[in-house]
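Trainee: My questions all concern the structure below.
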Amino acid sequence: MSTHLLLVDDDRTFAALAATVLRQEGFRVTTAHSLHDARASLGREAPDVVVLDRRLPDGDGIDFLPELRTQFPDTAVLLVTAHGDIASAVEAIKAGARDYLSKPVELDDLVLRARRAAADLQLHERLRQAESQLEGRHRLLRPRAPAMAAALQMLERIATAPRSPVLLLGETGVGKEVIARHLHALRGGQGPFVHINCAALPATMVESELFGHERGAFTDARSARRGLVEVANGGVLFLDEVGELPAGLQAKLLTFLDQGAFRRLGGTAELHSTARVVAATNRDLNREVAEGRFREDLYFRLSVFRVDIPPLRERREDVLPLAESLVAELSAELGRRPVGFSPAAVKRLERYPFPGNVRELRNVLERALVLEAGPALELQALEPRGDAAPTAPDPNAFVVPGSPRPLEEVERLYVRHVLGLLEGKRMEAARALGLSYPTFLKRLGED
Ligand SMILES: Nc1ncnc2c1ncn2[C@@H]1O[C@H](COP(=O)(O)OP(=O)(O)OP(=O)(O)O)[C@@H](O)[C@H]1O
């Protein structure tokens, strides 16, 4: 369906001319010459885009904006301001206009901006559809916290750039994978979403997983196999823990990022893929570069579009909404009736630092839903150590027996404690602690 554009301008000659040009460009145009006319038109049909002059015979367009935004929150408004009136342009954007045009309005500029607004609307519509198709587990809650909202805004701006890689930085469990999937949805869910965790595979296997291999490339390669770079063609390739990528492969990845070209292991043919690479790490890549473990050129290439995802403790406003939505989702999974939080639990959620971020929040809630039978969750596990002593010993509390002890031993005890909390799942424990698997084993005293 064509985009419906309402043009509100009291200059009838200009309005008629602009309407003709916009119609030639495929827009369905209605014109109005006053706020009164505009209201009447809005009563008949909702527009997708409104081009609104500020100086109208019966008022200022900018004063009409709030009314328009309340009634039609999805409509994009382009405000027309006086020539060189930057203050008014800023005011317009603050009041919720999508964009502004200054007088005298160039018709080409008008068409371009109207098209851009229409494309944005279509993108949002596709996003809404794609989001509703995503599994609940990967649904991203609209953040309230400004730091997270800024990260998402950045993501939205870069989502449609065709090939530039994106680097997601943030502690373990902050939602890097969720965000990578969100980017895929922002691209209309085109093509597959392919996830590879560079830390979970032995270095020797990462190359063939990523780039594929030809028959006979190595002892076990009985048949040729496509790599994930090929599989993700047209979609998104999520390279988790990119900081763990072996040095030799870093160069190969850089070539792929620059040229979209690669060779399978043991192959000679140059292959191509349009996969958009989203790389993530919880390591300090600056330090990895300084210490010679990560190629500087690859770091620069990846950081062109870099999104920093703040830890949960720096977006407190989001803790409670996230907790509520996770409880709803988990209760459905566990077949339990939805429950709320006791006032004490809300206080605990508000104060707890969440070193394991959203993953830890999710785990705590899942555990509570299984173990707590009451009408509201208490979340005792979040009680800071040494605070109002719990009546029964807290099974989650980490207590070092008979201190003082050497630091390494305390570390080992803590690593074991976390492993116990996660029911012996080693990979998960390593992730929750933000350690690579080999480091985890070392701390555990098993390497
Ligand atoms: N904004 C969010 N809304 C809902 N769930 C979230 C959100 N952020 C994270 N989660 C949940 O928290 C858990 C961890 O998220 P995710 O795996 O994306 O983190 P990560 O940053 O990729 O972690 P790691 O660095 O350890 O790989 C998942 O269960 C995910 O569903």
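Residue names in the structure tokens use chain letters A, B, ... in the order shown, residue numbers from 1 in each chain, and ligand numbers from 1 in the order shown.
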Show which residues sit within 8 Å of region 250-258 of chain A, as a list in words. Count only C-alpha atoms, and ignore same-chain residues fewer than 6 positions away.
Mentor: Ser164, Pro165, Val277, Phe294, Arg295, Asp297, Leu298 and Arg301 of chain A
Trainee: Neighbours of ligand 1 within 6 Å, counting only C-alpha atoms and all ligand atoms, as a PyMOL selection string?
Mentor: chain A and resi 137-141+171-178+282+358-359+431
Trainee: Would you export the selected residues with C-alpha atoms as a short mmCIF file (atom, residue, chain, number, x, y, z; two decimals), in the first residue's frame, please?
Mentor:
```cif
data_model
loop_
_atom_site.label_atom_id
_atom_site.label_comp_id
_atom_site.auth_asym_id
_atom_site.auth_seq_id
_atom_site.Cartn_x
_atom_site.Cartn_y
_atom_site.Cartn_z
CA ARG A 137 13.59 -16.13 25.35
CA HIS A 138 15.28 -13.76 22.97
CA ARG A 139 12.75 -11.00 23.14
CA LEU A 140 14.32 -7.75 24.13
CA LEU A 141 12.42 -5.60 26.57
CA GLU A 171 30.09 -8.18 30.70
CA THR A 172 28.90 -11.74 30.68
CA GLY A 173 25.14 -12.12 30.76
CA VAL A 174 24.27 -8.52 29.80
CA GLY A 175 22.36 -9.74 26.77
CA LYS A 176 24.83 -9.58 23.89
CA GLU A 177 23.22 -12.51 22.13
CA VAL A 178 19.75 -11.08 22.73
CA ASN A 282 33.33 -9.56 27.47
CA VAL A 358 20.55 -10.56 33.31
CA ARG A 359 21.60 -14.20 33.14
CA ARG A 431 30.48 -18.10 31.59
#
```
Trainee: Please, which residues of region 6-184 of chain A, numbered as in this document, come out strand (DSSP E or B) from DSSP, as a ChimeraX atom specification?
Mentor: /A:6-8,28-32,49-53,55-56,59-60,76-81,99-102,166-169
Trainee: For Val418 (chain A), list every protein, DNA or RNA residue within 9 Å, evaluated using only C-alpha atoms, and leave out those in the same chain fewer than 2 positions away; present the list as a PyMOL selection string.
Mentor: chain A and resi 396+398+413-416+420-424+429-430+432-433
